[in-house]
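These notes are about the structure you will find just below.
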Amino acid sequence: MEYSNSTFASSFILLGLSDSTHFQAIYFLLFLVMYIITLFGNMLLIVLVRISNQLQTPMYFFLSTLSFIDICFSSTIVPKILVNTLSKDRSISLSECASQMYFSLVLGATECIILVSMAYDRYAAICRPLLYNIIMNKRFCLGLNAASWAVGLSNAAIQVLFTFQLPYCRSHHVNHFFCEVPPFLKLACRDTWLNELLLYISAGIIAGLAFFLTLISYIYIISTILKIKSSQSRYKAFSTCSSHLTVVSLYFSTILFMYLHPHSRYSTEIDKTVPVLYTTVTPMLNPIIYSMRNNDVKRIIKTKVIRKIYF
């Protein structure tokens, strides 16, 4: 590891996923394909929600918000990965690194709360169907949306401020593919117990609590579904919920692993692989899992998109 005489860094070098030329070409193509699918799938979902009166419901309001977050999340990280994969110069300025860290934290925390909001929406629809329109009214949905962004913005500001107050005199080489808090704590030449405490608290409150509330919602949802006499109605309800559970399981398990496991046991390869799942894979899968399996969305694609193209 290289040491620097300076106490505070003005730039960092992202080492990326691999130094192998062969693997770099594979990673470039892989990330490029995933990024294109992410942009196309999420933009399509946002457009469909905007143009269709059938999709003007709380569920699709949160879905379109989730798609917007996924586009921004992926765009915050993937373009820099693509540039660094092909470029010999992998340096990133302090301001650019802080911005990337800030926006990724904002979007990551906001997505946690949007996912639990979607779980509550499913709970209201299945367990309280007669009161659904009263519970999930427009004002309440907008309030949940605003609260999720407020939490994301405030948490990110605290994390970035405390992270970049640390002196980085060990090395400016970050063994990661984007600016994320955990690998930076390993570079600091000062005790990082306060930073780790703040990280555990924020991850526990935002991601941990969101995951717990989601599980509670689904305990009630599943118990209600099992009481439904019609097998067709049960299948439809389970199908709707399984999409959300798939995304929630993938997203929260990786987030909680990355931010709650002890940083004294920091494993370079594992901790570079896990973030790929919630920064690139999940944003790509969200519109596919949620929309392409949804009959309403598929019907609108056929009637409003395909017919306009061919007729």
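Identifiers for the structure tokens are assigned positionally: chains receive A, B, ... in sequence, residues are indexed from 1 per chain, and ligands are indexed from 1 in the order shown.
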Q: From a DSSP pass on the backbone, collect the residues of segment 16-215 of chain A flagged as helix (DSSP H, G or I) and hand them back as a PyMOL selection string.
A: chain A and resi 21-51+53-55+58-86+94-127+129-135+138-163+181-185+193-215
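Residues with any atom within 8 Å of Ala124 of chain A, counting only C-alpha atoms and excluding same-chain neighbours fewer than 5 positions away, are Pro129, Leu131, Tyr132, Ile135 and Met136 of chain A.
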Output of the above residues as a PDB file, in the first residue's frame, restricted to N, CA and C atoms:
ATOM      1  N   PRO A 129     -59.247  -3.619   2.506  1.00  0.00           N
ATOM      2  CA  PRO A 129     -59.720  -3.220   1.174  1.00  0.00           C
ATOM      3  C   PRO A 129     -60.825  -2.166   1.187  1.00  0.00           C
ATOM      4  N   LEU A 131     -61.245   0.207   3.321  1.00  0.00           N
ATOM      5  CA  LEU A 131     -60.718   1.502   3.755  1.00  0.00           C
ATOM      6  C   LEU A 131     -59.507   1.948   2.928  1.00  0.00           C
ATOM      7  N   TYR A 132     -59.201   1.182   1.861  1.00  0.00           N
ATOM      8  CA  TYR A 132     -57.981   1.438   1.095  1.00  0.00           C
ATOM      9  C   TYR A 132     -57.899   2.864   0.567  1.00  0.00           C
ATOM     10  N   ILE A 135     -57.244   5.276   3.446  1.00  0.00           N
ATOM     11  CA  ILE A 135     -55.887   5.167   4.016  1.00  0.00           C
ATOM     12  C   ILE A 135     -54.843   5.703   3.039  1.00  0.00           C
ATOM     13  N   MET A 136     -54.872   5.191   1.817  1.00  0.00           N
ATOM     14  CA  MET A 136     -53.861   5.563   0.817  1.00  0.00           C
ATOM     15  C   MET A 136     -54.359   6.732  -0.045  1.00  0.00           C
TER      16      MET A 136
END
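All residues in segment 61-250 of chain A with a DSSP state of strand (DSSP E), computed from the backbone, read Ser91, Ile92, Ser93, His173 and Val174 of chain A.
Using only C-alpha atoms, the smallest distance between any of A:Trp149, A:Tyr220, A:Phe73, A:Phe12 and Ile126 of chain A comes from A:Tyr220.
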Q) Pick the closest to Leu199 of chain A from A:Ile228, A:Leu285, A:Met258, A:Leu144: which is it, counting only C-alpha atoms? A) A:Met258
Q: Could you jot down the atom CA of Thr214 of chain A to atom CA of Ala119 of chain A separation for me, Å, one decimal place?
A: 5.7 Å
(Q) Residues within 12 Å of Ser253 of chain A, please, as a list in words. Count only C-alpha atoms; anything in the same chain fewer than 4 positions from it doesn't count. (A) Cys112, Ala203, Ala207, Gly208, Ala210, Phe211, Phe212, Leu245, Thr246, Val247, Val248, Ser249, Phe257, Met258, Tyr259, Leu260, His261, Val274, Pro275, Leu277, Tyr278 and Thr282 of chain A
Extract, using only C-alpha atoms, all DNA, RNA and protein residues at most 6 Å from Ala156 of chain A, discarding same-chain residues fewer than 6 positions from it, and format them as a PDB file with C-alpha atoms, in the first residue's frame.
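Output file part_20.pdb is given in full below:
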ATOM      1  CA  TYR A 102     -23.769  11.870  -1.239  1.00  0.00           C
ATOM      2  CA  LEU A 105     -26.545   7.560  -0.018  1.00  0.00           C
ATOM      3  CA  VAL A 106     -29.572   9.798  -0.662  1.00  0.00           C
TER       4      VAL A 106
END
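Atom CA of Gly41 of chain A to atom CA of Ala98 of chain A spans 28.5 Å [interatomic distance, one decimal].
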(Q) From the options A:Leu44, A:Leu187, A:Leu194, A:Ala146, which residue's atoms come nearest to His172 of chain A, counting only C-alpha atoms? (A) A:Leu187
